[in-house]
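A.B. asks: Input file: start16.txt. Contents: compact mmCIF, C-alpha atoms.
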# COMPACT_ATOMS: atom_id res chain seq x y z
CA MET O 1 -37.38 12.09 12.91
CA LYS O 2 -36.89 15.22 10.86
CA THR O 3 -36.00 18.50 12.51
CA PHE O 4 -38.01 21.66 11.89
CA GLU O 5 -35.30 22.92 9.53
CA GLU O 6 -35.42 19.75 7.46
CA LYS O 7 -39.22 19.78 7.23
CA TRP O 8 -39.26 23.47 6.36
CA THR O 9 -36.71 22.98 3.58
CA ALA O 10 -38.55 19.98 2.19
CA TRP O 11 -41.82 21.94 2.36
CA LEU O 12 -40.29 24.90 0.47
CA ASP O 13 -38.91 22.59 -2.21
CA GLY O 14 -42.13 20.59 -2.48
CA ASP O 15 -40.42 17.40 -1.32
CA LEU O 16 -42.88 16.41 1.42
CA SER O 17 -45.39 13.67 0.81
CA GLU O 18 -49.04 14.72 0.83
CA GLN O 19 -49.56 13.49 4.38
CA GLU O 20 -46.32 15.07 5.62
CA ARG O 21 -47.28 18.34 3.96
CA ARG O 22 -50.71 18.40 5.62
CA GLU O 23 -49.22 17.60 9.02
CA PHE O 24 -46.51 20.21 8.65
CA GLU O 25 -48.86 22.96 7.50
CA ALA O 26 -51.21 22.14 10.36
CA SER O 27 -48.31 22.62 12.79
CA LEU O 28 -47.48 26.10 11.49
CA PRO O 29 -48.68 28.89 13.79
CA ASP O 30 -49.16 31.34 10.88
CA LYS O 31 -49.69 29.62 7.59
CA GLY O 32 -50.09 32.90 5.71
CA ALA O 33 -46.68 34.15 6.82
CA ALA O 34 -45.16 30.78 5.93
CA GLU O 35 -46.66 30.99 2.43
CA ASP O 36 -45.21 34.50 2.04
CA GLU O 37 -41.84 33.15 3.02
CA LYS O 38 -42.17 30.31 0.56
CA ARG O 39 -42.78 32.82 -2.21
CA GLU O 40 -39.73 34.79 -1.09
CA ALA O 41 -37.58 31.66 -1.13
CA ARG O 42 -38.70 31.00 -4.68
CA LYS O 43 -37.86 34.56 -5.69
CA LEU O 44 -34.43 34.12 -4.14
CA GLY O 45 -33.93 30.86 -6.02
CA ASN O 46 -34.96 32.49 -9.29
CA LEU O 47 -32.59 35.39 -8.67
CA LEU O 48 -29.66 33.08 -7.98
CA ARG O 49 -30.41 30.94 -11.02
CA GLU O 50 -30.77 33.96 -13.26
CA GLN O 51 -27.64 35.71 -12.10
CA LEU O 52 -25.26 32.86 -11.37
CA ARG O 53 -26.15 29.99 -13.65
CA HIS O 54 -24.55 31.01 -16.90
CA GLN O 55 -21.04 31.79 -15.86
CA SER O 56 -18.98 31.85 -19.02
CA MET O 57 -15.46 30.51 -19.28
CA ASN O 58 -13.00 32.37 -21.46
CA ASN O 59 -10.29 30.43 -23.28
CA ALA O 60 -11.90 27.07 -22.60
CA ASP O 61 -9.66 25.29 -25.10
CA PHE O 62 -6.59 26.71 -23.43
CA PHE O 63 -7.94 25.31 -20.16
CA ASN O 64 -7.80 21.80 -21.67
CA HIS O 65 -4.37 22.41 -23.14
CA GLN O 66 -2.98 23.62 -19.83
CA LEU O 67 -4.58 20.69 -18.03
CA GLN O 68 -3.08 18.16 -20.45
CA GLN O 69 0.35 19.69 -19.90
CA ARG O 70 -0.05 19.46 -16.14
CA ILE O 71 -1.18 15.86 -16.38
CA ALA O 72 1.80 15.01 -18.54
CA ARG O 73 4.09 16.69 -16.00
CA GLU O 74 2.52 15.11 -12.95
CA SER O 75 2.05 11.84 -14.82
CA ALA O 76 -0.26 9.72 -12.75
CA PRO O 77 1.29 6.60 -11.20
CA ALA O 78 -2.13 4.93 -11.13
CA PHE O 79 -1.65 3.33 -14.53
CA GLY O 80 1.28 1.04 -13.89
CA SER O 81 4.20 3.30 -14.70
CA LYS O 82 6.32 3.48 -11.58
CA PRO O 83 7.48 6.92 -10.57
CA HIS O 84 11.14 7.67 -11.25
CA SER O 85 12.03 7.89 -7.58
CA GLN O 86 11.22 4.20 -7.06
CA SER O 87 13.98 3.09 -9.40
CA THR O 88 16.81 4.49 -7.27
CA ARG O 89 19.46 1.97 -6.22
CA TRP O 90 19.23 2.19 -2.42
CA THR O 91 15.64 1.84 -1.41
CA ILE O 92 14.75 1.50 2.27
CA PRO O 93 14.08 -2.29 2.09
CA ARG O 94 17.37 -2.81 0.29
CA LEU O 95 19.21 -0.81 2.93
CA ILE O 96 17.60 -2.88 5.69
CA TRP O 97 18.50 -6.19 4.04
CA SER O 98 22.05 -5.03 3.34
CA GLY O 99 22.49 -3.99 6.97
CA ALA O 100 21.15 -7.29 8.24
CA ALA O 101 23.44 -9.27 5.91
CA ALA O 102 26.48 -7.25 7.00
CA MET O 103 25.59 -7.80 10.65
CA ALA O 104 25.23 -11.58 10.13
CA LEU O 105 28.59 -11.75 8.33
CA PHE O 106 30.25 -9.84 11.15
CA LEU O 107 28.79 -12.21 13.79
CA VAL O 108 29.99 -15.31 11.89
CA CYS O 109 33.51 -13.88 11.57
CA ALA O 110 33.56 -12.86 15.22
CA VAL O 111 32.60 -16.38 16.35
CA PHE O 112 35.43 -17.94 14.28
CA VAL O 113 38.01 -15.43 15.51
CA LEU O 114 37.00 -15.90 19.14
CA ARG O 115 37.22 -19.70 18.81
CA GLU O 116 40.71 -19.49 17.41
CA LYS O 117 41.96 -16.96 19.92
CA ASN O 118 40.57 -18.12 23.22
CA PRO O 119 42.88 -16.62 25.84
CA THR O 120 42.24 -19.46 28.31
CA ASP O 121 44.18 -21.80 25.99
CA GLN O 122 47.42 -19.88 26.61
CA SER O 123 49.59 -20.40 29.67
CA THR O 124 50.78 -17.58 31.82
CA TYR O 125 54.34 -18.11 30.57
CA THR O 126 53.48 -17.86 26.92
CA THR O 127 51.65 -14.66 27.42
CA GLN O 128 54.48 -13.15 29.36
CA LEU O 129 57.26 -14.20 27.02
CA LEU O 130 55.48 -13.32 23.86
CA LYS O 131 55.01 -9.87 25.20
CA ALA O 132 58.71 -9.69 26.03
CA ARG O 133 61.12 -8.66 23.37
CA VAL O 134 64.51 -10.13 22.59
CA ASP O 135 67.01 -7.41 22.09
CA PRO O 136 69.06 -8.41 18.97
CA VAL O 137 72.02 -6.35 20.22
CA VAL O 138 72.16 -8.15 23.58
CA SER O 139 71.27 -11.61 22.23
CA PRO O 140 71.91 -11.68 18.49
CA ASN O 141 71.52 -15.47 18.19
CA ALA O 142 68.39 -15.82 20.27
CA THR O 143 65.57 -17.93 18.86
CA ILE O 144 62.21 -18.56 20.42
CA SER O 145 59.96 -21.47 19.58
CA MET O 146 56.58 -22.23 21.04
CA PHE O 147 54.88 -25.61 21.25
CA LYS O 148 51.32 -25.91 22.33
CA SER O 149 49.11 -28.89 23.07
CA LYS O 150 45.49 -27.96 23.37
CA GLU O 151 44.42 -31.40 24.55
CA ASP O 152 46.85 -31.39 27.47
CA LYS O 153 46.53 -27.71 27.99
CA VAL O 154 50.29 -27.43 27.97
CA THR O 155 52.45 -24.86 26.24
CA VAL O 156 56.21 -25.24 25.93
CA LEU O 157 58.34 -22.30 25.07
CA TRP O 158 61.81 -23.14 23.81
CA VAL O 159 64.25 -20.32 24.10
CA ASP O 160 67.74 -20.75 22.71
CA GLY O 161 70.75 -18.46 22.53
CA LEU O 162 69.79 -16.07 25.31
CA GLN O 163 72.77 -14.58 27.17
CA SER O 164 70.73 -14.47 30.32
CA LEU O 165 67.11 -14.97 31.43
CA PRO O 166 65.50 -12.55 33.84
CA SER O 167 64.77 -14.27 37.09
CA GLU O 168 61.06 -13.39 36.96
CA PHE O 169 60.68 -15.50 33.78
CA ALA O 170 62.43 -18.56 35.09
CA ALA O 171 60.39 -21.71 35.23
CA LYS O 172 58.94 -22.35 38.63
CA MET D 1 -27.41 18.20 -14.51
CA GLN D 2 -26.62 19.12 -18.06
CA THR D 3 -23.24 18.89 -19.67
CA GLU D 4 -21.76 20.64 -22.67
CA ALA D 5 -22.45 17.53 -24.73
CA THR D 6 -25.98 16.61 -25.75
CA PRO D 7 -27.77 14.46 -23.15
CA ALA D 8 -27.90 11.45 -25.48
CA GLN D 9 -24.17 11.59 -26.14
CA ALA D 10 -23.49 12.01 -22.46
CA ASP D 11 -25.63 9.04 -21.43
CA VAL D 12 -24.17 6.71 -24.00
CA SER D 13 -20.52 7.42 -23.81
CA GLU D 14 -19.69 8.91 -20.45
CA LEU D 15 -19.09 5.56 -18.82
CA ASP D 16 -17.04 4.47 -21.83
CA LEU D 17 -14.96 7.60 -21.55
CA VAL D 18 -14.37 6.91 -17.88
CA LYS D 19 -13.29 3.34 -18.69
CA GLN D 20 -10.89 4.64 -21.33
CA CYS D 21 -9.51 7.12 -18.80
CA GLN D 22 -8.92 4.23 -16.42
CA THR D 23 -6.60 2.68 -18.99
CA GLY D 24 -4.60 5.92 -19.11
CA ASP D 25 -6.24 7.50 -22.16
CA THR D 26 -5.69 11.23 -21.74
CA GLN D 27 -7.72 12.06 -24.85
CA ALA D 28 -10.80 10.46 -23.31
CA PHE D 29 -10.20 12.51 -20.19
CA ASP D 30 -9.91 15.60 -22.37
CA GLN D 31 -13.42 14.91 -23.65
CA LEU D 32 -14.77 14.52 -20.13
CA VAL D 33 -13.12 17.79 -19.14
CA SER D 34 -14.71 19.53 -22.12
CA ARG D 35 -18.13 18.38 -20.96
CA TYR D 36 -17.82 19.61 -17.41
CA ARG D 37 -15.27 22.44 -17.47
CA THR D 38 -17.76 25.32 -17.80
CA ARG D 39 -20.05 24.06 -15.04
CA VAL D 40 -17.15 23.22 -12.77
CA PHE D 41 -15.56 26.59 -13.41
CA GLY D 42 -18.88 28.40 -12.89
CA MET D 43 -19.56 26.58 -9.65
CA ILE D 44 -16.11 27.38 -8.29
CA TYR D 45 -16.32 30.97 -9.50
CA ASN D 46 -19.61 31.46 -7.67
CA MET D 47 -17.96 30.19 -4.50
CA VAL D 48 -14.65 32.08 -4.65
CA ARG D 49 -15.70 35.14 -6.71
CA ASN D 50 -12.36 35.44 -8.49
CA GLU D 51 -11.76 34.30 -12.05
CA GLN D 52 -8.08 33.42 -11.70
CA ASP D 53 -8.62 31.51 -8.45
CA ALA D 54 -11.56 29.68 -10.02
CA TRP D 55 -9.40 28.74 -13.02
CA ASP D 56 -6.60 27.40 -10.81
CA LEU D 57 -8.99 25.49 -8.55
CA ALA D 58 -10.75 23.97 -11.54
CA GLN D 59 -7.36 22.83 -12.87
CA ASP D 60 -6.44 21.36 -9.49
CA SER D 61 -9.79 19.57 -9.33
CA PHE D 62 -9.40 17.97 -12.75
CA VAL D 63 -5.81 16.93 -12.05
CA LYS D 64 -7.01 15.27 -8.84
CA ALA D 65 -9.81 13.60 -10.76
CA TRP D 66 -7.33 12.25 -13.31
CA LYS D 67 -5.07 10.90 -10.59
CA SER D 68 -7.88 9.11 -8.81
CA ILE D 69 -10.06 8.08 -11.73
CA GLY D 70 -8.68 4.57 -11.42
CA ARG D 71 -10.67 4.29 -8.18
CA PHE D 72 -13.98 5.46 -9.70
CA ARG D 73 -16.36 2.50 -9.51
CA SER D 74 -19.48 3.86 -11.25
CA GLN D 75 -21.51 3.50 -8.04
CA SER D 76 -22.35 7.18 -8.35
CA SER D 77 -22.67 9.27 -11.46
CA PHE D 78 -19.49 10.83 -12.80
CA TYR D 79 -20.67 14.37 -12.25
CA THR D 80 -21.47 13.68 -8.57
CA TRP D 81 -18.01 12.17 -8.24
CA ILE D 82 -16.28 15.11 -9.92
CA TYR D 83 -18.35 17.55 -7.86
CA ARG D 84 -17.15 15.87 -4.71
CA ILE D 85 -13.56 16.51 -5.77
CA VAL D 86 -14.38 20.08 -6.78
CA MET D 87 -16.07 20.76 -3.45
CA ASN D 88 -13.21 19.27 -1.44
CA VAL D 89 -10.64 21.33 -3.32
CA THR D 90 -12.67 24.56 -3.15
CA ILE D 91 -13.79 24.28 0.47
CA ASP D 92 -10.25 23.42 1.58
CA TRP D 93 -8.97 26.46 -0.30
CA LEU D 94 -11.60 28.74 1.23
CA ARG D 95 -10.82 27.40 4.70
CA LYS D 96 -7.10 27.99 4.24
CA LYS D 97 -7.79 31.46 2.92
CA GLN D 98 -9.91 32.16 5.96
CA VAL D 99 -7.14 31.01 8.30
CA LYS D 100 -4.58 33.19 6.50
CA GLY D 101 -6.90 36.20 6.39
CA THR D 102 -8.89 37.90 9.08
CA GLY D 103 -11.26 35.00 9.53
CA THR D 104 -14.25 37.29 9.77
CA GLU D 105 -15.69 36.64 6.34
CA PHE D 106 -17.88 33.81 7.51
CA ASP D 107 -18.38 32.34 10.90
CA ASP D 108 -21.18 29.85 11.46
CA SER D 109 -21.04 30.16 15.22
CA VAL D 110 -21.89 33.84 14.93
CA GLN D 111 -24.17 33.67 11.93
CA LEU D 112 -26.39 30.85 13.10
CA LYS D 113 -27.00 32.54 16.43
CA GLU D 114 -28.26 35.54 14.54
CA ILE D 115 -30.96 33.46 12.86
CA ASP D 116 -33.95 32.27 14.80
CA PRO D 117 -35.22 29.15 13.02
CA ALA D 118 -38.80 30.15 13.74
CA SER D 119 -38.35 33.74 12.67
CA ARG D 120 -40.29 35.10 9.75
CA THR D 121 -38.14 36.54 7.03
CA SER D 122 -41.01 38.68 5.78
CA PRO D 123 -42.40 41.39 6.05
CA LYS D 124 -41.07 42.80 2.90
CA ALA D 125 -38.26 45.27 2.94
CA GLU D 126 -38.73 48.79 1.74
CA ALA D 127 -38.18 49.28 -1.94
CA LEU D 128 -35.03 50.93 -3.16
CA PRO D 129 -35.41 54.43 -4.56
CA HIS D 130 -34.84 53.18 -8.08
CA GLU D 131 -36.90 50.40 -9.59
CA HIS D 132 -34.31 48.58 -11.54
CA MET D 133 -30.88 47.81 -10.31
CA GLU D 134 -28.00 47.53 -12.70
CA ARG D 135 -26.92 44.02 -13.55
CA GLY D 136 -23.39 44.57 -12.22
CA GLU D 137 -24.75 45.97 -9.01
CA ILE D 138 -27.06 42.99 -8.57
CA ARG D 139 -24.21 40.59 -9.11
CA ALA D 140 -22.08 42.50 -6.62
CA ARG D 141 -24.85 42.32 -4.03
CA ILE D 142 -25.27 38.60 -4.58
CA ASP D 143 -21.53 37.99 -4.35
CA ALA D 144 -21.32 39.99 -1.14
CA ALA D 145 -24.23 38.06 0.36
CA ILE D 146 -22.77 34.69 -0.62
CA ALA D 147 -19.41 35.75 0.82
CA GLN D 148 -21.09 35.97 4.21
CA LEU D 149 -21.90 32.26 4.12
CA SER D 150 -19.55 29.51 5.24
CA PRO D 151 -18.02 27.40 2.42
CA GLU D 152 -20.38 24.52 3.20
CA HIS D 153 -23.47 26.75 3.14
CA ARG D 154 -22.32 28.34 -0.11
CA ALA D 155 -21.81 24.94 -1.66
CA VAL D 156 -25.25 23.69 -0.64
CA ILE D 157 -27.24 26.72 -1.83
CA LEU D 158 -25.34 26.93 -5.12
CA MET D 159 -25.68 23.24 -5.92
CA LYS D 160 -29.38 23.37 -5.11
CA GLU D 161 -30.35 26.62 -6.79
CA THR D 162 -27.97 26.86 -9.74
CA GLU D 163 -27.23 23.20 -10.47
CA ASP D 164 -30.67 21.78 -9.63
CA MET D 165 -29.06 18.94 -7.74
CA GLN D 166 -31.15 16.71 -5.49
CA TYR D 167 -30.55 16.51 -1.74
CA HIS D 168 -28.92 13.08 -2.00
CA GLU D 169 -26.62 14.24 -4.80
CA ILE D 170 -25.52 17.25 -2.77
CA ALA D 171 -25.01 15.02 0.27
CA GLU D 172 -22.86 12.67 -1.80
CA ALA D 173 -20.84 15.54 -3.26
CA LEU D 174 -20.20 17.00 0.18
CA GLY D 175 -19.83 13.73 2.04
CA CYS D 176 -22.53 14.52 4.59
CA SER D 177 -26.07 13.37 5.42
CA ILE D 178 -29.21 14.51 3.62
CA GLY D 179 -30.44 16.00 6.91
CA THR D 180 -27.30 18.13 7.11
CA VAL D 181 -27.85 19.31 3.54
CA MET D 182 -31.46 20.32 4.33
CA SER D 183 -30.44 22.07 7.51
CA ARG D 184 -27.67 23.98 5.73
CA LEU D 185 -30.12 24.95 2.98
CA PHE D 186 -32.50 26.29 5.60
CA TYR D 187 -29.89 28.57 7.17
CA ALA D 188 -28.32 29.60 3.87
CA ARG D 189 -31.73 30.64 2.50
CA LYS D 190 -32.62 32.55 5.64
CA LYS D 191 -29.34 34.41 5.53
CA LEU D 192 -29.61 35.23 1.83
CA GLN D 193 -33.26 36.26 2.13
CA THR D 194 -32.25 38.73 4.81
CA SER D 195 -29.34 40.08 2.76
CA LEU D 196 -30.99 40.14 -0.67
CA ARG D 197 -34.65 40.84 -0.02
CA ASP D 198 -34.50 44.32 -1.50
CA VAL D 199 -32.75 42.91 -4.56
CA TYR D 200 -35.19 40.15 -5.48
CA GLU D 201 -38.17 42.32 -4.61
CA ASN D 202 -37.02 45.01 -7.03
CA VAL D 203 -35.50 43.14 -9.92
Would you give me this structure, written as structure tokens?
C.D. replies:
Amino acid sequence: MKTFEEKWTAWLDGDLSEQERREFEASLPDKGAAEDEKREARKLGNLLREQLRHQSMNNADFFNHQLQQRIARESAPAFGSKPHSQSTRWTIPRLIWSGAAAMALFLVCAVFVLREKNPTDQSTYTTQLLKARVDPVVSPNATISMFKSKEDKVTVLWVDGLQSLPSEFAAK
Amino acid sequence: MQTEATPAQADVSELDLVKQCQTGDTQAFDQLVSRYRTRVFGMIYNMVRNEQDAWDLAQDSFVKAWKSIGRFRSQSSFYTWIYRIVMNVTIDWLRKKQVKGTGTEFDDSVQLKEIDPASRTSPKAEALPHEHMERGEIRARIDAAIAQLSPEHRAVILMKETEDMQYHEIAEALGCSIGTVMSRLFYARKKLQTSLRDVYENV
């Protein structure tokens, strides 16, 4: 369903079918005024065509030259040549993959280290004595050896050459 | 629509030129530009009324066309396709200019209320004291009248009256319906008839 504006425009431009034209003209309250307006619209069209149609372009060849230079500068990526920025070493996907690989390597190393150094495998004595220090001035010939059996969950610390052993470290 | 080439040459080789452009042939694009540059420039000039701006916008339009010619599928004619780019570039520019400026140059919400669709644009205006207006003065009056239209109304009336484009071609170039084109033509004509009646009655 065409609006009044659409029908009017089509009527002015002679784009209505014969039946549409008859119906539209019959619906006009003042056909004479409408015909006057049609003539005015044609005069307006002629004026615009006459005055605006032949706009000249100075330096047309320079226009092409300038355009070719711009195109060369902004070289279109649409024809298979990748833009320079895409050839940089650290692209976002590469950074993501590198980060993920580093994280995986860290996790593997952490698992191995934690397996080797499980604190529950050490006895209370070992921990205490290893933290203690043998003063070479007081006990110059002191040697400490540690024996550990993971299966039996037993750790033996062999201390030799101590002048004295603090009472808190004595075997209970 | 006519081009700067002869119609026969245009019909035969335009599609070939487009295909060559799609393989990256800048010389083929240069030929296409030569065919349409004057009309494109003239169309933009009539919309923006400044030679330097029209030049720059025409350049921008052709650069955009070059960048996207790989996506042209020959479903529409090349000139409708290029006009769509030209209209997008020019209307965007006019809109931005309006936002930066006072914003009073054209305002549909005000203008359309001023026009009663059923109003009669006649009776005729009184004649000017002199019979013949100078060409420069006529052009200035036309430019001033067109400046009062919104970018979309300008585009529609210019494509219809100066480019002889059909409703469907204008609709395609502007990306709107044929009904919208006809409605815009209605209001643009009414507005221009009101502004220019004394001009076209006395020329």
A.B. asks: Neighbours of Ser61 of chain D within 10 Å (all atoms listed in the file; same-chain residues fewer than 5 positions away dropped), as a PyMOL selection string?
C.D. replies: chain D and resi 40-41+55-56+66-67+82-90
A.B. asks: Kindly indicate which residue among O:Ser139, O:Gln19, O:Asn59, O:Gln51 lies nearest to chain D, using only C-alpha atoms for the distances.
C.D. replies: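 Looking at the shortest contact to chain D, the residue is O:Gln51.
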A.B. asks: Out of D:Gln22, D:Gln52, D:Asn46, D:Gln27, which residue has the shortest atom-to-atom distance to Arg71 of chain D when counting all atoms listed in the file?
C.D. replies: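 That would be D:Gln22, the residue with the smallest distance to Arg71 of chain D.
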A.B. asks: Enter the distance from atom CA of Ile91 of chain D to atom CA of Arg189 of chain D, in Å, rounded to one decimal.
C.D. replies: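 Computing it gives 19.1 Å between the two atoms.
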A.B. asks: At a cut-off of 8 Å, which residues of chain O touch chain D? Count all atoms listed in the file and give the answer as a PyMOL selection string.
C.D. replies: chain O and resi 2+5-6+8-10+33-34+36-37+40-41+43-49+51-57+60+63-64+67-68+70-71+76-79
